[in-house]
$ cat upload19.pdb   # PDB, C-alpha atoms, pLDDT in the B column
ATOM      1  CA  MET S  12      17.029 107.499 -23.885  1.00 58.00           C
ATOM      2  CA  ALA S  13      13.594 107.048 -22.344  1.00 68.00           C
ATOM      3  CA  LYS S  14      14.144 103.299 -22.178  1.00 79.00           C
ATOM      4  CA  ILE S  15      17.343 103.707 -20.145  1.00 76.00           C
ATOM      5  CA  LYS S  16      15.605 106.106 -17.764  1.00 80.00           C
ATOM      6  CA  ASP S  17      12.744 103.620 -17.290  1.00 83.00           C
ATOM      7  CA  GLN S  18      15.239 100.829 -16.541  1.00 86.00           C
ATOM      8  CA  LYS S  19      17.023 102.979 -13.950  1.00 88.00           C
ATOM      9  CA  MET S  20      13.728 103.861 -12.274  1.00 90.00           C
ATOM     10  CA  PHE S  21      12.769 100.176 -12.273  1.00 90.00           C
ATOM     11  CA  HIS S  22      16.013  99.324 -10.487  1.00 91.00           C
ATOM     12  CA  VAL S  23      15.483 102.155  -7.999  1.00 92.00           C
ATOM     13  CA  TYR S  24      11.944 100.970  -7.283  1.00 94.00           C
ATOM     14  CA  LEU S  25      13.170  97.381  -6.931  1.00 94.00           C
ATOM     15  CA  VAL S  26      15.827  98.416  -4.393  1.00 95.00           C
ATOM     16  CA  ILE S  27      13.275 100.484  -2.465  1.00 96.00           C
ATOM     17  CA  PHE S  28      10.872  97.526  -2.496  1.00 96.00           C
ATOM     18  CA  PHE S  29      13.498  95.173  -1.035  1.00 97.00           C
ATOM     19  CA  ILE S  30      14.542  97.689   1.619  1.00 97.00           C
ATOM     20  CA  LEU S  31      10.938  98.262   2.686  1.00 97.00           C
ATOM     21  CA  SER S  32      10.247  94.512   2.693  1.00 97.00           C
ATOM     22  CA  PHE S  33      13.276  93.921   4.912  1.00 96.00           C
ATOM     23  CA  LEU S  34      12.276  96.685   7.325  1.00 97.00           C
ATOM     24  CA  ILE S  35       8.670  95.489   7.564  1.00 96.00           C
ATOM     25  CA  GLY S  36       9.853  91.916   8.202  1.00 94.00           C
ATOM     26  CA  TYR S  37      12.391  93.009  10.813  1.00 94.00           C
ATOM     27  CA  VAL S  38       9.938  95.221  12.708  1.00 94.00           C
ATOM     28  CA  GLY S  39       7.210  92.583  12.501  1.00 91.00           C
ATOM     29  CA  LYS S  40       9.521  89.928  13.892  1.00 89.00           C
ATOM     30  CA  LYS S  41      10.624  92.185  16.767  1.00 90.00           C
ATOM     31  CA  ILE S  42       7.025  93.020  17.641  1.00 89.00           C
ATOM     32  CA  LEU S  43       5.679  89.458  17.405  1.00 85.00           C
ATOM     33  CA  LYS S  44       8.645  87.509  18.817  1.00 80.00           C
ATOM     34  CA  PRO S  45       7.432  87.604  22.447  1.00 77.00           C
ATOM     35  CA  LYS S  46       3.925  86.537  21.385  1.00 77.00           C
ATOM     36  CA  ILE S  47       4.733  83.686  18.991  1.00 73.00           C
ATOM     37  CA  THR S  48       6.787  80.699  20.055  1.00 63.00           C
ATOM     38  CA  MET S  49       7.817  78.006  17.626  1.00 68.00           C
ATOM     39  CA  GLY S  50      10.693  75.706  16.883  1.00 70.00           C
ATOM     40  CA  PHE S  51      13.907  76.460  18.726  1.00 70.00           C
ATOM     41  CA  ASP S  52      12.284  78.058  21.792  1.00 66.00           C
ATOM     42  CA  ASP S  53       9.689  75.326  22.351  1.00 69.00           C
ATOM     43  CA  SER S  54      11.600  74.012  25.372  1.00 70.00           C
ATOM     44  CA  LYS S  55      11.194  77.397  27.073  1.00 73.00           C
ATOM     45  CA  VAL S  56       7.397  77.355  26.888  1.00 71.00           C
ATOM     46  CA  VAL S  57       5.766  77.303  30.310  1.00 74.00           C
ATOM     47  CA  VAL S  58       3.314  74.435  30.722  1.00 74.00           C
ATOM     48  CA  VAL S  59       0.000  75.622  32.097  1.00 75.00           C
ATOM     49  CA  ASN S  60      -1.928  73.174  34.248  1.00 76.00           C
ATOM     50  CA  SER S  61      -5.484  72.848  33.089  1.00 75.00           C
ATOM     51  CA  ASN S  62      -8.528  72.330  35.303  1.00 79.00           C
ATOM     52  CA  VAL S  63     -10.178  70.334  32.530  1.00 80.00           C
ATOM     53  CA  ASP S  64     -10.025  66.548  32.889  1.00 82.00           C
ATOM     54  CA  PHE S  65     -10.364  65.108  29.404  1.00 85.00           C
ATOM     55  CA  LYS S  66     -10.573  61.506  30.644  1.00 89.00           C
ATOM     56  CA  GLU S  67     -13.607  62.382  32.727  1.00 90.00           C
ATOM     57  CA  ILE S  68     -15.269  64.104  29.778  1.00 91.00           C
ATOM     58  CA  GLU S  69     -14.497  61.124  27.551  1.00 93.00           C
ATOM     59  CA  GLU S  70     -16.045  58.661  30.020  1.00 94.00           C
ATOM     60  CA  LYS S  71     -19.123  60.862  30.397  1.00 94.00           C
ATOM     61  CA  LEU S  72     -19.560  61.061  26.617  1.00 94.00           C
ATOM     62  CA  LYS S  73     -19.131  57.291  26.252  1.00 95.00           C
ATOM     63  CA  LYS S  74     -21.840  56.630  28.853  1.00 95.00           C
ATOM     64  CA  GLU S  75     -24.169  59.141  27.217  1.00 95.00           C
ATOM     65  CA  PHE S  76     -23.518  57.585  23.796  1.00 93.00           C
ATOM     66  CA  GLU S  77     -24.280  54.088  25.103  1.00 94.00           C
ATOM     67  CA  GLU S  78     -27.527  55.293  26.719  1.00 93.00           C
ATOM     68  CA  ARG S  79     -28.658  56.980  23.524  1.00 92.00           C
ATOM     69  CA  LYS S  80     -27.711  53.906  21.512  1.00 91.00           C
ATOM     70  CA  LYS S  81     -29.840  51.680  23.774  1.00 90.00           C
ATOM     71  CA  GLN S  82     -32.752  54.111  23.553  1.00 90.00           C
ATOM     72  CA  ALA S  83     -32.513  54.186  19.767  1.00 87.00           C
ATOM     73  CA  GLN S  84     -32.424  50.378  19.609  1.00 86.00           C
ATOM     74  CA  ASN S  85     -35.460  50.102  21.906  1.00 85.00           C
ATOM     75  CA  GLN S  86     -37.422  52.582  19.821  1.00 84.00           C
ATOM     76  CA  ALA S  87     -36.414  50.983  16.528  1.00 74.00           C
ATOM     77  CA  ALA S  88     -37.253  47.398  17.618  1.00 64.00           C
ATOM     78  CA  PRO S  89     -40.416  46.218  15.852  1.00 62.00           C
ATOM     79  CA  ALA S  90     -43.334  45.231  18.043  1.00 58.00           C
ATOM     80  CA  GLN S  91     -43.834  41.462  17.985  1.00 59.00           C
ATOM     81  CA  PRO S  92     -47.287  39.892  18.132  1.00 57.00           C
ATOM     82  CA  ALA S  93     -48.256  38.301  21.447  1.00 57.00           C
ATOM     83  CA  ASN S  94     -49.118  34.852  20.055  1.00 60.00           C
ATOM     84  CA  GLN S  95     -46.447  34.178  17.525  1.00 60.00           C
ATOM     85  CA  GLN S  96     -46.392  30.625  16.252  1.00 63.00           C
ATOM     86  CA  GLY S  97     -43.477  29.065  14.553  1.00 61.00           C
ATOM     87  CA  GLY S  98     -44.064  27.111  11.425  1.00 61.00           C
ATOM     88  CA  SER S  99     -43.539  27.097   7.753  1.00 62.00           C
ATOM     89  CA  CYS S 100     -45.749  28.658   5.185  1.00 64.00           C
ATOM     90  CA  GLY S 101     -48.236  26.421   3.476  1.00 59.00           C
ATOM     91  CA  ASN S 102     -48.888  23.981   6.342  1.00 55.00           C
TER
END

$ encode --input "upload19.pdb" --output "structure tokens"
Amino acid sequence: MAKIKDQKMFHVYLVIFFILSFLIGYVGKKILKPKITMGFDDSKVVVVNSNVDFKEIEEKLKKEFEERKKQAQNQAAPAQPANQQGGSCGN
């Protein structure tokens, strides 16, 4: 008898769980729908013009990178002696 009562309560709790899950999902979707756009409504998204020019930033970064690269190469170049003579060892 207790087992049957526990099974009935389990089914009641399961039904309540599904009803609450549905309601939470429905309310959440209604609240968030104006704030989240994805998929089907993508064509309705308003394009915002940006004041940021990414090409300009890219060119600036490339120039800065090249300057730093040249500086690093100049600093890393070994100092060569003033009177360097070519020749083979042992002569």

$ atom_distance --input "upload19.pdb" --atom1 "CA of Pro45 in chain S" --atom2 "CA of Val58 in chain S"
16.1 Å

$ axis_aligned_box --input "upload19.pdb" --around "range 15-34 of chain S" --padding-each-side "4 Å" --output "AutoDock Vina command-line options"
--center_x 13.8 --center_y 100.0 --center_z -6.4 --size_x 15.1 --size_y 20.2 --size_z 35.5

$ atom_distance --input "upload19.pdb" --atom1 "CA of Gln86 in chain S" --atom2 "CA of Lys74 in chain S"
18.5 Å

$ atom_distance --input "upload19.pdb" --atom1 "CA of Lys55 in chain S" --atom2 "CA of Gly39 in chain S"
21.4 Å

$ decode --input "upload19.pdb" --residues "range 26-54 of chain S" --atoms "N, CA and C atoms" --output "short mmCIF file (atom, residue, chain, number, x, y, z; two decimals), in the first residue's frame"
data_model
loop_
_atom_site.label_atom_id
_atom_site.label_comp_id
_atom_site.auth_asym_id
_atom_site.auth_seq_id
_atom_site.Cartn_x
_atom_site.Cartn_y
_atom_site.Cartn_z
N VAL S 26 4.53 15.52 -12.74
CA VAL S 26 3.63 16.40 -13.49
C VAL S 26 3.85 17.85 -13.05
N ILE S 27 3.96 18.08 -11.76
CA ILE S 27 4.21 19.43 -11.26
C ILE S 27 5.54 19.96 -11.79
N PHE S 28 6.56 19.11 -11.83
CA PHE S 28 7.87 19.51 -12.35
C PHE S 28 7.76 19.94 -13.80
N PHE S 29 7.07 19.16 -14.63
CA PHE S 29 6.93 19.52 -16.05
C PHE S 29 6.12 20.79 -16.23
N ILE S 30 5.08 20.98 -15.45
CA ILE S 30 4.27 22.20 -15.56
C ILE S 30 5.11 23.42 -15.17
N LEU S 31 5.85 23.31 -14.07
CA LEU S 31 6.69 24.44 -13.66
C LEU S 31 7.80 24.71 -14.68
N SER S 32 8.38 23.65 -15.23
CA SER S 32 9.42 23.84 -16.25
C SER S 32 8.86 24.55 -17.47
N PHE S 33 7.68 24.17 -17.90
CA PHE S 33 7.04 24.81 -19.04
C PHE S 33 6.77 26.28 -18.76
N LEU S 34 6.22 26.57 -17.58
CA LEU S 34 5.91 27.96 -17.24
C LEU S 34 7.17 28.82 -17.14
N ILE S 35 8.21 28.29 -16.53
CA ILE S 35 9.47 29.05 -16.43
C ILE S 35 10.04 29.31 -17.82
N GLY S 36 10.02 28.31 -18.69
CA GLY S 36 10.51 28.48 -20.06
C GLY S 36 9.69 29.49 -20.83
N TYR S 37 8.37 29.42 -20.70
CA TYR S 37 7.49 30.34 -21.42
C TYR S 37 7.70 31.79 -20.96
N VAL S 38 7.73 32.00 -19.67
CA VAL S 38 7.91 33.34 -19.12
C VAL S 38 9.31 33.86 -19.48
N GLY S 39 10.31 33.02 -19.37
CA GLY S 39 11.66 33.43 -19.73
C GLY S 39 11.77 33.83 -21.19
N LYS S 40 11.13 33.08 -22.06
CA LYS S 40 11.17 33.41 -23.48
C LYS S 40 10.46 34.73 -23.75
N LYS S 41 9.32 34.96 -23.12
CA LYS S 41 8.58 36.21 -23.30
C LYS S 41 9.39 37.40 -22.80
N ILE S 42 10.09 37.23 -21.69
CA ILE S 42 10.87 38.33 -21.13
C ILE S 42 12.10 38.62 -21.99
N LEU S 43 12.78 37.58 -22.46
CA LEU S 43 14.05 37.76 -23.16
C LEU S 43 13.92 37.91 -24.66
N LYS S 44 12.76 37.65 -25.25
CA LYS S 44 12.61 37.70 -26.70
C LYS S 44 13.02 39.05 -27.29
N PRO S 45 12.62 40.19 -26.71
CA PRO S 45 13.05 41.46 -27.31
C PRO S 45 14.55 41.72 -27.17
N LYS S 46 15.21 41.07 -26.24
CA LYS S 46 16.62 41.34 -25.98
C LYS S 46 17.56 40.42 -26.74
N ILE S 47 17.10 39.24 -27.10
CA ILE S 47 17.95 38.25 -27.77
C ILE S 47 17.42 38.01 -29.17
N THR S 48 18.30 38.18 -30.15
CA THR S 48 17.90 37.94 -31.53
C THR S 48 18.78 36.84 -32.09
N MET S 49 18.17 35.83 -32.67
CA MET S 49 18.96 34.78 -33.30
C MET S 49 18.11 34.05 -34.32
N GLY S 50 18.76 33.54 -35.33
CA GLY S 50 18.09 32.69 -36.29
C GLY S 50 17.12 33.41 -37.20
N PHE S 51 15.86 33.11 -37.07
CA PHE S 51 14.83 33.55 -37.99
C PHE S 51 14.75 35.07 -38.10
N ASP S 52 14.95 35.79 -37.01
CA ASP S 52 14.79 37.24 -37.01
C ASP S 52 16.09 37.98 -37.33
N ASP S 53 17.12 37.30 -37.76
CA ASP S 53 18.39 37.97 -38.04
C ASP S 53 18.25 39.06 -39.10
N SER S 54 17.37 38.88 -40.07
CA SER S 54 17.21 39.88 -41.12
C SER S 54 16.59 41.16 -40.60
#
